[in-house]
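So this block is entry_23.cif, mmCIF, N, CA and C atoms:
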```
data_protein
#
loop_
_atom_site.label_atom_id
_atom_site.label_comp_id
_atom_site.auth_asym_id
_atom_site.auth_seq_id
_atom_site.Cartn_x
_atom_site.Cartn_y
_atom_site.Cartn_z
N MET A 1 5.81 -13.97 -18.38
CA MET A 1 5.43 -13.70 -17.00
C MET A 1 4.02 -13.10 -16.99
N THR A 2 3.19 -13.55 -16.08
CA THR A 2 1.83 -13.06 -15.94
C THR A 2 1.81 -11.75 -15.17
N GLU A 3 1.10 -10.77 -15.70
CA GLU A 3 0.97 -9.47 -15.04
C GLU A 3 -0.09 -9.54 -13.94
N GLU A 4 0.12 -8.77 -12.88
CA GLU A 4 -0.88 -8.67 -11.81
C GLU A 4 -1.97 -7.70 -12.25
N HIS A 5 -3.20 -7.99 -11.83
CA HIS A 5 -4.34 -7.15 -12.16
C HIS A 5 -5.05 -6.70 -10.88
N VAL A 6 -5.76 -5.58 -10.98
CA VAL A 6 -6.61 -5.10 -9.90
C VAL A 6 -8.06 -5.22 -10.36
N VAL A 7 -8.97 -5.30 -9.40
CA VAL A 7 -10.40 -5.34 -9.70
C VAL A 7 -10.93 -3.92 -9.70
N LEU A 8 -11.46 -3.49 -10.84
CA LEU A 8 -12.05 -2.16 -10.96
C LEU A 8 -13.44 -2.15 -10.36
N LEU A 9 -13.86 -1.00 -9.83
CA LEU A 9 -15.17 -0.86 -9.22
C LEU A 9 -15.95 0.26 -9.90
N ASP A 10 -17.28 0.12 -9.92
CA ASP A 10 -18.13 1.21 -10.41
C ASP A 10 -18.48 2.13 -9.24
N GLU A 11 -19.32 3.12 -9.47
CA GLU A 11 -19.67 4.09 -8.43
C GLU A 11 -20.46 3.49 -7.28
N GLN A 12 -21.01 2.28 -7.46
CA GLN A 12 -21.73 1.58 -6.40
C GLN A 12 -20.85 0.52 -5.73
N ASP A 13 -19.54 0.60 -5.95
CA ASP A 13 -18.57 -0.34 -5.39
C ASP A 13 -18.78 -1.77 -5.87
N LYS A 14 -19.34 -1.95 -7.04
CA LYS A 14 -19.52 -3.28 -7.62
C LYS A 14 -18.41 -3.51 -8.64
N PRO A 15 -17.86 -4.74 -8.68
CA PRO A 15 -16.81 -5.04 -9.66
C PRO A 15 -17.28 -4.72 -11.08
N SER A 16 -16.40 -4.07 -11.84
CA SER A 16 -16.77 -3.68 -13.20
C SER A 16 -15.72 -4.10 -14.23
N GLY A 17 -14.70 -4.84 -13.79
CA GLY A 17 -13.66 -5.28 -14.71
C GLY A 17 -12.34 -5.39 -14.01
N THR A 18 -11.30 -5.56 -14.79
CA THR A 18 -9.94 -5.64 -14.25
C THR A 18 -9.03 -4.77 -15.09
N LEU A 19 -7.88 -4.46 -14.52
CA LEU A 19 -6.89 -3.65 -15.22
C LEU A 19 -5.52 -4.07 -14.71
N GLU A 20 -4.54 -4.06 -15.60
CA GLU A 20 -3.18 -4.40 -15.20
C GLU A 20 -2.76 -3.44 -14.07
N LYS A 21 -2.13 -4.00 -13.05
CA LYS A 21 -1.81 -3.27 -11.81
C LYS A 21 -1.12 -1.93 -12.05
N TYR A 22 -0.09 -1.90 -12.87
CA TYR A 22 0.65 -0.66 -13.05
C TYR A 22 -0.11 0.35 -13.90
N ALA A 23 -1.00 -0.11 -14.75
CA ALA A 23 -1.84 0.81 -15.53
C ALA A 23 -2.88 1.47 -14.63
N ALA A 24 -3.19 0.83 -13.51
CA ALA A 24 -4.20 1.35 -12.59
C ALA A 24 -3.64 2.38 -11.63
N HIS A 25 -2.33 2.49 -11.51
CA HIS A 25 -1.72 3.41 -10.55
C HIS A 25 -1.02 4.54 -11.29
N THR A 26 -1.81 5.55 -11.62
CA THR A 26 -1.32 6.71 -12.35
C THR A 26 -1.87 7.97 -11.67
N LEU A 27 -1.67 9.10 -12.29
CA LEU A 27 -2.24 10.34 -11.75
C LEU A 27 -3.76 10.32 -11.82
N ASN A 28 -4.32 9.48 -12.71
CA ASN A 28 -5.78 9.34 -12.86
C ASN A 28 -6.22 7.94 -12.45
N THR A 29 -5.82 7.51 -11.27
CA THR A 29 -6.10 6.16 -10.80
C THR A 29 -7.59 5.88 -10.77
N PRO A 30 -8.04 4.81 -11.47
CA PRO A 30 -9.46 4.45 -11.42
C PRO A 30 -9.80 3.81 -10.07
N LEU A 31 -11.08 3.84 -9.72
CA LEU A 31 -11.54 3.21 -8.49
C LEU A 31 -11.30 1.71 -8.58
N HIS A 32 -10.62 1.14 -7.57
CA HIS A 32 -10.32 -0.29 -7.57
C HIS A 32 -10.16 -0.80 -6.14
N LEU A 33 -10.26 -2.13 -6.00
CA LEU A 33 -10.08 -2.74 -4.69
C LEU A 33 -8.63 -2.57 -4.25
N ALA A 34 -8.45 -2.32 -2.96
CA ALA A 34 -7.11 -2.17 -2.40
C ALA A 34 -7.21 -2.35 -0.89
N PHE A 35 -6.07 -2.40 -0.24
CA PHE A 35 -6.06 -2.46 1.22
C PHE A 35 -4.87 -1.67 1.73
N SER A 36 -4.97 -1.26 2.96
CA SER A 36 -3.87 -0.62 3.66
C SER A 36 -3.88 -1.11 5.09
N CYS A 37 -2.71 -1.16 5.70
CA CYS A 37 -2.59 -1.59 7.08
C CYS A 37 -1.72 -0.57 7.81
N TRP A 38 -2.19 -0.13 8.95
CA TRP A 38 -1.46 0.83 9.77
C TRP A 38 -1.03 0.14 11.06
N LEU A 39 0.27 0.10 11.33
CA LEU A 39 0.80 -0.56 12.52
C LEU A 39 1.32 0.49 13.50
N PHE A 40 0.95 0.31 14.77
CA PHE A 40 1.38 1.22 15.83
C PHE A 40 2.11 0.42 16.91
N ASN A 41 3.14 1.02 17.51
CA ASN A 41 3.81 0.35 18.62
C ASN A 41 3.07 0.66 19.92
N GLU A 42 3.59 0.15 21.04
CA GLU A 42 2.92 0.33 22.33
C GLU A 42 2.82 1.80 22.75
N ASP A 43 3.69 2.65 22.19
CA ASP A 43 3.67 4.07 22.52
C ASP A 43 2.76 4.86 21.58
N GLY A 44 2.07 4.15 20.68
CA GLY A 44 1.17 4.82 19.75
C GLY A 44 1.86 5.42 18.54
N GLN A 45 3.13 5.09 18.35
CA GLN A 45 3.86 5.61 17.19
C GLN A 45 3.53 4.77 15.96
N LEU A 46 3.33 5.44 14.84
CA LEU A 46 2.98 4.79 13.59
C LEU A 46 4.23 4.32 12.85
N LEU A 47 4.21 3.08 12.39
CA LEU A 47 5.28 2.55 11.55
C LEU A 47 4.99 2.96 10.11
N VAL A 48 5.92 3.68 9.51
CA VAL A 48 5.80 4.00 8.09
C VAL A 48 6.94 3.31 7.35
N THR A 49 6.76 3.12 6.06
CA THR A 49 7.78 2.48 5.25
C THR A 49 8.08 3.37 4.05
N ARG A 50 9.28 3.21 3.52
CA ARG A 50 9.64 3.93 2.30
C ARG A 50 9.66 2.93 1.16
N ARG A 51 8.94 3.25 0.10
CA ARG A 51 8.89 2.38 -1.06
C ARG A 51 10.28 2.29 -1.69
N SER A 52 10.58 1.12 -2.20
CA SER A 52 11.86 0.90 -2.86
C SER A 52 12.06 1.89 -4.01
N LEU A 53 13.29 2.30 -4.21
CA LEU A 53 13.60 3.19 -5.33
C LEU A 53 13.43 2.49 -6.67
N SER A 54 13.35 1.16 -6.66
CA SER A 54 13.18 0.41 -7.91
C SER A 54 11.71 0.15 -8.26
N LYS A 55 10.77 0.59 -7.41
CA LYS A 55 9.34 0.41 -7.69
C LYS A 55 8.94 1.23 -8.92
N LYS A 56 8.02 0.67 -9.72
CA LYS A 56 7.51 1.40 -10.89
C LYS A 56 6.59 2.54 -10.46
N ALA A 57 5.76 2.29 -9.46
CA ALA A 57 4.80 3.29 -8.99
C ALA A 57 5.34 3.98 -7.74
N TRP A 58 5.50 5.26 -7.80
CA TRP A 58 5.91 6.09 -6.67
C TRP A 58 7.16 5.60 -5.93
N PRO A 59 8.28 5.43 -6.64
CA PRO A 59 9.51 4.98 -5.97
C PRO A 59 9.98 5.99 -4.93
N GLY A 60 10.45 5.47 -3.79
CA GLY A 60 11.02 6.31 -2.75
C GLY A 60 10.02 7.07 -1.90
N VAL A 61 8.73 6.90 -2.15
CA VAL A 61 7.71 7.63 -1.40
C VAL A 61 7.49 6.97 -0.03
N TRP A 62 7.34 7.80 1.00
CA TRP A 62 6.99 7.29 2.33
C TRP A 62 5.50 6.97 2.33
N THR A 63 5.14 5.82 2.93
CA THR A 63 3.76 5.36 2.86
C THR A 63 3.36 4.65 4.15
N ASN A 64 2.12 4.18 4.19
CA ASN A 64 1.61 3.47 5.36
C ASN A 64 2.39 2.19 5.62
N SER A 65 2.12 1.55 6.74
CA SER A 65 2.88 0.38 7.17
C SER A 65 2.90 -0.74 6.14
N VAL A 66 1.74 -1.08 5.60
CA VAL A 66 1.61 -2.15 4.61
C VAL A 66 0.55 -1.73 3.60
N CYS A 67 0.84 -1.92 2.32
CA CYS A 67 -0.18 -1.64 1.31
C CYS A 67 0.02 -2.54 0.11
#
```

structure tokens encoding of this file:
Amino acid sequence: MTEEHVVLLDEQDKPSGTLEKYAAHTLNTPLHLAFSCWLFNEDGQLLVTRRSLSKKAWPGVWTNSVC
């Protein structure tokens, strides 16, 4: 099975390499490309999600709508 990778960035936000996804998400997370999405309903309430308990990185943590 092929591992997922993230694009690493230098201090000028220029690509500087890649790293296996789970190696990049630690207490010392290196700078890398990512995205987040915040969803609000008509009343302005934010939708949050709870990460699956089976996730390798931060299982069970409440987080933004999509990441």

Do you know which residues the PyMOL selection byres (((chain A and resi 38 and name CA) around 9) and name CA) returns on this file, as a PyMOL selection string?
chain A and resi 36-37+39-40+46-48+64-67

Filtering to N, CA and C atoms, could you give me those residues as a compact mmCIF listing (two decimals), keeping the file's coordinate frame?
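Output saved as selection_18.txt:
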```
# COMPACT_ATOMS: atom_id res chain seq x y z
N SER A 36 -4.97 -1.26 2.96
CA SER A 36 -3.87 -0.62 3.66
C SER A 36 -3.88 -1.11 5.09
N CYS A 37 -2.71 -1.16 5.70
CA CYS A 37 -2.59 -1.59 7.08
C CYS A 37 -1.72 -0.57 7.81
N LEU A 39 0.27 0.10 11.33
CA LEU A 39 0.80 -0.56 12.52
C LEU A 39 1.32 0.49 13.50
N PHE A 40 0.95 0.31 14.77
CA PHE A 40 1.38 1.22 15.83
C PHE A 40 2.11 0.42 16.91
N LEU A 46 3.33 5.44 14.84
CA LEU A 46 2.98 4.79 13.59
C LEU A 46 4.23 4.32 12.85
N LEU A 47 4.21 3.08 12.39
CA LEU A 47 5.28 2.55 11.55
C LEU A 47 4.99 2.96 10.11
N VAL A 48 5.92 3.68 9.51
CA VAL A 48 5.80 4.00 8.09
C VAL A 48 6.94 3.31 7.35
N ASN A 64 2.12 4.18 4.19
CA ASN A 64 1.61 3.47 5.36
C ASN A 64 2.39 2.19 5.62
N SER A 65 2.12 1.55 6.74
CA SER A 65 2.88 0.38 7.17
C SER A 65 2.90 -0.74 6.14
N VAL A 66 1.74 -1.08 5.60
CA VAL A 66 1.61 -2.15 4.61
C VAL A 66 0.55 -1.73 3.60
N CYS A 67 0.84 -1.92 2.32
CA CYS A 67 -0.18 -1.64 1.31
C CYS A 67 0.02 -2.54 0.11
```

Could you check how far atom C of A:Leu31 sits from atom N of A:Asp10, in Å to one decimal?
6.3 Å

Between atom CA of A:Leu33 and atom CA of A:Ser54, what distance in Å does the model show, to one decimal?
23.7 Å

Chain A: residues DSSP assigns to helix (DSSP H, G or I), reported as a PyMOL selection string
chain A and resi 21-24

Hey, what's within 7 Å of A:His25 if we count only N, CA and C atoms and toss same-chain stuff fewer than 5 positions away? As a PyMOL selection string, please?
chain A and resi 20+30+57

By how many Å are atom C of A:Thr26 and atom N of A:Lys56 apart?
12.4 Å

Got a sec: who's within 5 Å of stretch 2-9 of chain A, counting all atoms listed in the file, leaving out chain neighbours fewer than 6 positions off, as a ChimeraX atom specification?
/A:15-21,31-33

Selected residues written out with N, CA and C atoms, as a PDB file, keeping the file's coordinate frame:
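Wrote it out as result-v6.pdb, contents follow:
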```
ATOM      1  N   PRO A  15     -17.860  -4.740  -8.680  1.00  0.00           N
ATOM      2  CA  PRO A  15     -16.810  -5.040  -9.660  1.00  0.00           C
ATOM      3  C   PRO A  15     -17.280  -4.720 -11.080  1.00  0.00           C
ATOM      4  N   SER A  16     -16.400  -4.070 -11.840  1.00  0.00           N
ATOM      5  CA  SER A  16     -16.770  -3.680 -13.200  1.00  0.00           C
ATOM      6  C   SER A  16     -15.720  -4.100 -14.230  1.00  0.00           C
ATOM      7  N   GLY A  17     -14.700  -4.840 -13.790  1.00  0.00           N
ATOM      8  CA  GLY A  17     -13.660  -5.280 -14.710  1.00  0.00           C
ATOM      9  C   GLY A  17     -12.340  -5.390 -14.010  1.00  0.00           C
ATOM     10  N   THR A  18     -11.300  -5.560 -14.790  1.00  0.00           N
ATOM     11  CA  THR A  18      -9.940  -5.640 -14.250  1.00  0.00           C
ATOM     12  C   THR A  18      -9.030  -4.770 -15.090  1.00  0.00           C
ATOM     13  N   LEU A  19      -7.880  -4.460 -14.520  1.00  0.00           N
ATOM     14  CA  LEU A  19      -6.890  -3.650 -15.220  1.00  0.00           C
ATOM     15  C   LEU A  19      -5.520  -4.070 -14.710  1.00  0.00           C
ATOM     16  N   GLU A  20      -4.540  -4.060 -15.600  1.00  0.00           N
ATOM     17  CA  GLU A  20      -3.180  -4.400 -15.200  1.00  0.00           C
ATOM     18  C   GLU A  20      -2.760  -3.440 -14.070  1.00  0.00           C
ATOM     19  N   LYS A  21      -2.130  -4.000 -13.050  1.00  0.00           N
ATOM     20  CA  LYS A  21      -1.810  -3.270 -11.810  1.00  0.00           C
ATOM     21  C   LYS A  21      -1.120  -1.930 -12.050  1.00  0.00           C
ATOM     22  N   LEU A  31     -11.080   3.840  -9.720  1.00  0.00           N
ATOM     23  CA  LEU A  31     -11.540   3.210  -8.490  1.00  0.00           C
ATOM     24  C   LEU A  31     -11.300   1.710  -8.580  1.00  0.00           C
ATOM     25  N   HIS A  32     -10.620   1.140  -7.570  1.00  0.00           N
ATOM     26  CA  HIS A  32     -10.320  -0.290  -7.570  1.00  0.00           C
ATOM     27  C   HIS A  32     -10.160  -0.800  -6.140  1.00  0.00           C
ATOM     28  N   LEU A  33     -10.260  -2.130  -6.000  1.00  0.00           N
ATOM     29  CA  LEU A  33     -10.080  -2.740  -4.690  1.00  0.00           C
ATOM     30  C   LEU A  33      -8.630  -2.570  -4.250  1.00  0.00           C
TER      31      LEU A  33
END
```

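In this comparison, which uses only C-alpha atoms, the residue of A:Tyr22, A:Phe35, A:Leu27, A:Lys14 approaching A:Lys55 most closely is A:Tyr22.
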
Just asking: which residues within chain A are strand (DSSP E or B) according to DSSP, as a short mmCIF file (atom, residue, chain, number, x, y, z; two decimals) with N, CA and C atoms, in the frame of the given file?
```
data_model
loop_
_atom_site.label_atom_id
_atom_site.label_comp_id
_atom_site.auth_asym_id
_atom_site.auth_seq_id
_atom_site.Cartn_x
_atom_site.Cartn_y
_atom_site.Cartn_z
N HIS A 5 -3.20 -7.99 -11.83
CA HIS A 5 -4.34 -7.15 -12.16
C HIS A 5 -5.05 -6.70 -10.88
N VAL A 6 -5.76 -5.58 -10.98
CA VAL A 6 -6.61 -5.10 -9.90
C VAL A 6 -8.06 -5.22 -10.36
N VAL A 7 -8.97 -5.30 -9.40
CA VAL A 7 -10.40 -5.34 -9.70
C VAL A 7 -10.93 -3.92 -9.70
N LEU A 8 -11.46 -3.49 -10.84
CA LEU A 8 -12.05 -2.16 -10.96
C LEU A 8 -13.44 -2.15 -10.36
N LEU A 9 -13.86 -1.00 -9.83
CA LEU A 9 -15.17 -0.86 -9.22
C LEU A 9 -15.95 0.26 -9.90
N PRO A 15 -17.86 -4.74 -8.68
CA PRO A 15 -16.81 -5.04 -9.66
C PRO A 15 -17.28 -4.72 -11.08
N SER A 16 -16.40 -4.07 -11.84
CA SER A 16 -16.77 -3.68 -13.20
C SER A 16 -15.72 -4.10 -14.23
N GLY A 17 -14.70 -4.84 -13.79
CA GLY A 17 -13.66 -5.28 -14.71
C GLY A 17 -12.34 -5.39 -14.01
N THR A 18 -11.30 -5.56 -14.79
CA THR A 18 -9.94 -5.64 -14.25
C THR A 18 -9.03 -4.77 -15.09
N LEU A 19 -7.88 -4.46 -14.52
CA LEU A 19 -6.89 -3.65 -15.22
C LEU A 19 -5.52 -4.07 -14.71
N GLU A 20 -4.54 -4.06 -15.60
CA GLU A 20 -3.18 -4.40 -15.20
C GLU A 20 -2.76 -3.44 -14.07
N HIS A 32 -10.62 1.14 -7.57
CA HIS A 32 -10.32 -0.29 -7.57
C HIS A 32 -10.16 -0.80 -6.14
N CYS A 37 -2.71 -1.16 5.70
CA CYS A 37 -2.59 -1.59 7.08
C CYS A 37 -1.72 -0.57 7.81
N LEU A 39 0.27 0.10 11.33
CA LEU A 39 0.80 -0.56 12.52
C LEU A 39 1.32 0.49 13.50
N PHE A 40 0.95 0.31 14.77
CA PHE A 40 1.38 1.22 15.83
C PHE A 40 2.11 0.42 16.91
N LEU A 46 3.33 5.44 14.84
CA LEU A 46 2.98 4.79 13.59
C LEU A 46 4.23 4.32 12.85
N LEU A 47 4.21 3.08 12.39
CA LEU A 47 5.28 2.55 11.55
C LEU A 47 4.99 2.96 10.11
N THR A 49 6.76 3.12 6.06
CA THR A 49 7.78 2.48 5.25
C THR A 49 8.08 3.37 4.05
N ARG A 50 9.28 3.21 3.52
CA ARG A 50 9.64 3.93 2.30
C ARG A 50 9.66 2.93 1.16
N TRP A 62 7.34 7.80 1.00
CA TRP A 62 6.99 7.29 2.33
C TRP A 62 5.50 6.97 2.33
N THR A 63 5.14 5.82 2.93
CA THR A 63 3.76 5.36 2.86
C THR A 63 3.36 4.65 4.15
N VAL A 66 1.74 -1.08 5.60
CA VAL A 66 1.61 -2.15 4.61
C VAL A 66 0.55 -1.73 3.60
#
```
